[in-house]
Amino acid sequence: MPGPDFPTGGLIMGNLGILEAYRTGKGRIVVRGKTDIELLDSRTKRSAIIIKEIPHQTNKSALVEKIAKLVENKKE
């Protein structure tokens with residue numbers, strides 16, 4: 001079933017929102033960004049999460065701030 005095409009990409013989680021939108025004209029579609037995990041150093045087994053695409057209308061600066069807070073909390 002064809003769904004919406006988002007200009008910045010992302011993955012649609014489930015199809016119930018799309019079905020509801022086709023049936024009633026309204027629906028909630030949950031979209032996640034696309035990520036990859038890359039190994040940075042094989043000796044220390046350090047890896048990084050690489051964000052390839054973010055969902056439409058996601059504020060990039062707010063996303064960076066949230067990631068920074070998560071990193072800060074992890075160090076404590």
# chains A, B, ... in the order shown; residues from 1 in each chain; ligands from 1

$ select_by_dssp --residues "chain A" --states "alpha helix (DSSP H)" --output "list in words"
Leu16, Gly17, Ile18, Leu19, Glu20, Ala21, Tyr22, Arg23, Thr24, Lys60, Ser61, Ala62, Leu63, Val64, Glu65, Lys66, Ile67, Ala68, Lys69, Leu70, Val71, Glu72, Asn73, Lys74 and Lys75 of chain A

$ residues_around --residues "Leu16 of chain A" --least-positions-apart "6" --cutoff "10 Å" --atoms "only C-alpha atoms" --output "PyMOL selection string"
chain A and resi 22+27-30

$ residues_around --residues "Glu38 of chain A" --least-positions-apart "4" --cutoff "9 Å" --atoms "only C-alpha atoms" --output "list in words"
Arg46, Ser47, Ala48, Ile49 and Ile50 of chain A

$ write_last_selection --atoms "N, CA and C atoms" --output "PDB file, in the first residue's frame"
ATOM      1  N   ARG A  46      34.921   0.397  20.242  1.00  0.00           N
ATOM      2  CA  ARG A  46      34.089   1.604  20.279  1.00  0.00           C
ATOM      3  C   ARG A  46      33.282   1.683  18.993  1.00  0.00           C
ATOM      4  N   SER A  47      32.037   2.075  19.132  1.00  0.00           N
ATOM      5  CA  SER A  47      31.180   2.217  17.955  1.00  0.00           C
ATOM      6  C   SER A  47      30.431   3.543  18.038  1.00  0.00           C
ATOM      7  N   ALA A  48      29.879   3.959  16.920  1.00  0.00           N
ATOM      8  CA  ALA A  48      29.138   5.215  16.836  1.00  0.00           C
ATOM      9  C   ALA A  48      27.826   4.976  16.114  1.00  0.00           C
ATOM     10  N   ILE A  49      26.804   5.686  16.548  1.00  0.00           N
ATOM     11  CA  ILE A  49      25.511   5.653  15.862  1.00  0.00           C
ATOM     12  C   ILE A  49      25.510   6.795  14.853  1.00  0.00           C
ATOM     13  N   ILE A  50      25.364   6.457  13.589  1.00  0.00           N
ATOM     14  CA  ILE A  50      25.351   7.450  12.509  1.00  0.00           C
ATOM     15  C   ILE A  50      23.900   7.654  12.081  1.00  0.00           C
TER      16      ILE A  50
END

$ select_by_dssp --residues "chain A" --states "strand (DSSP E or B)" --output "number ranges by chain"
A: 11-12, 31-32, 34-41, 46-53

$ atom_distance --atom1 "atom CA of Leu63 of chain A" --atom2 "atom CA of Gly14 of chain A"
23.0 Å

$ atom_distance --atom1 "atom CA of Gly9 of chain A" --atom2 "atom CA of Pro55 of chain A"
6.1 Å

$ closest_residue --among "A:Thr8, A:Val31, A:Lys66, A:Ala21" --to "Lys52 of chain A" --atoms "only C-alpha atoms"
A:Thr8

$ residues_around --residues "Phe6 of chain A" --least-positions-apart "5" --cutoff "12 Å" --atoms "only C-alpha atoms" --output "PyMOL selection string"
chain A and resi 11-12+29+31-33+53-58
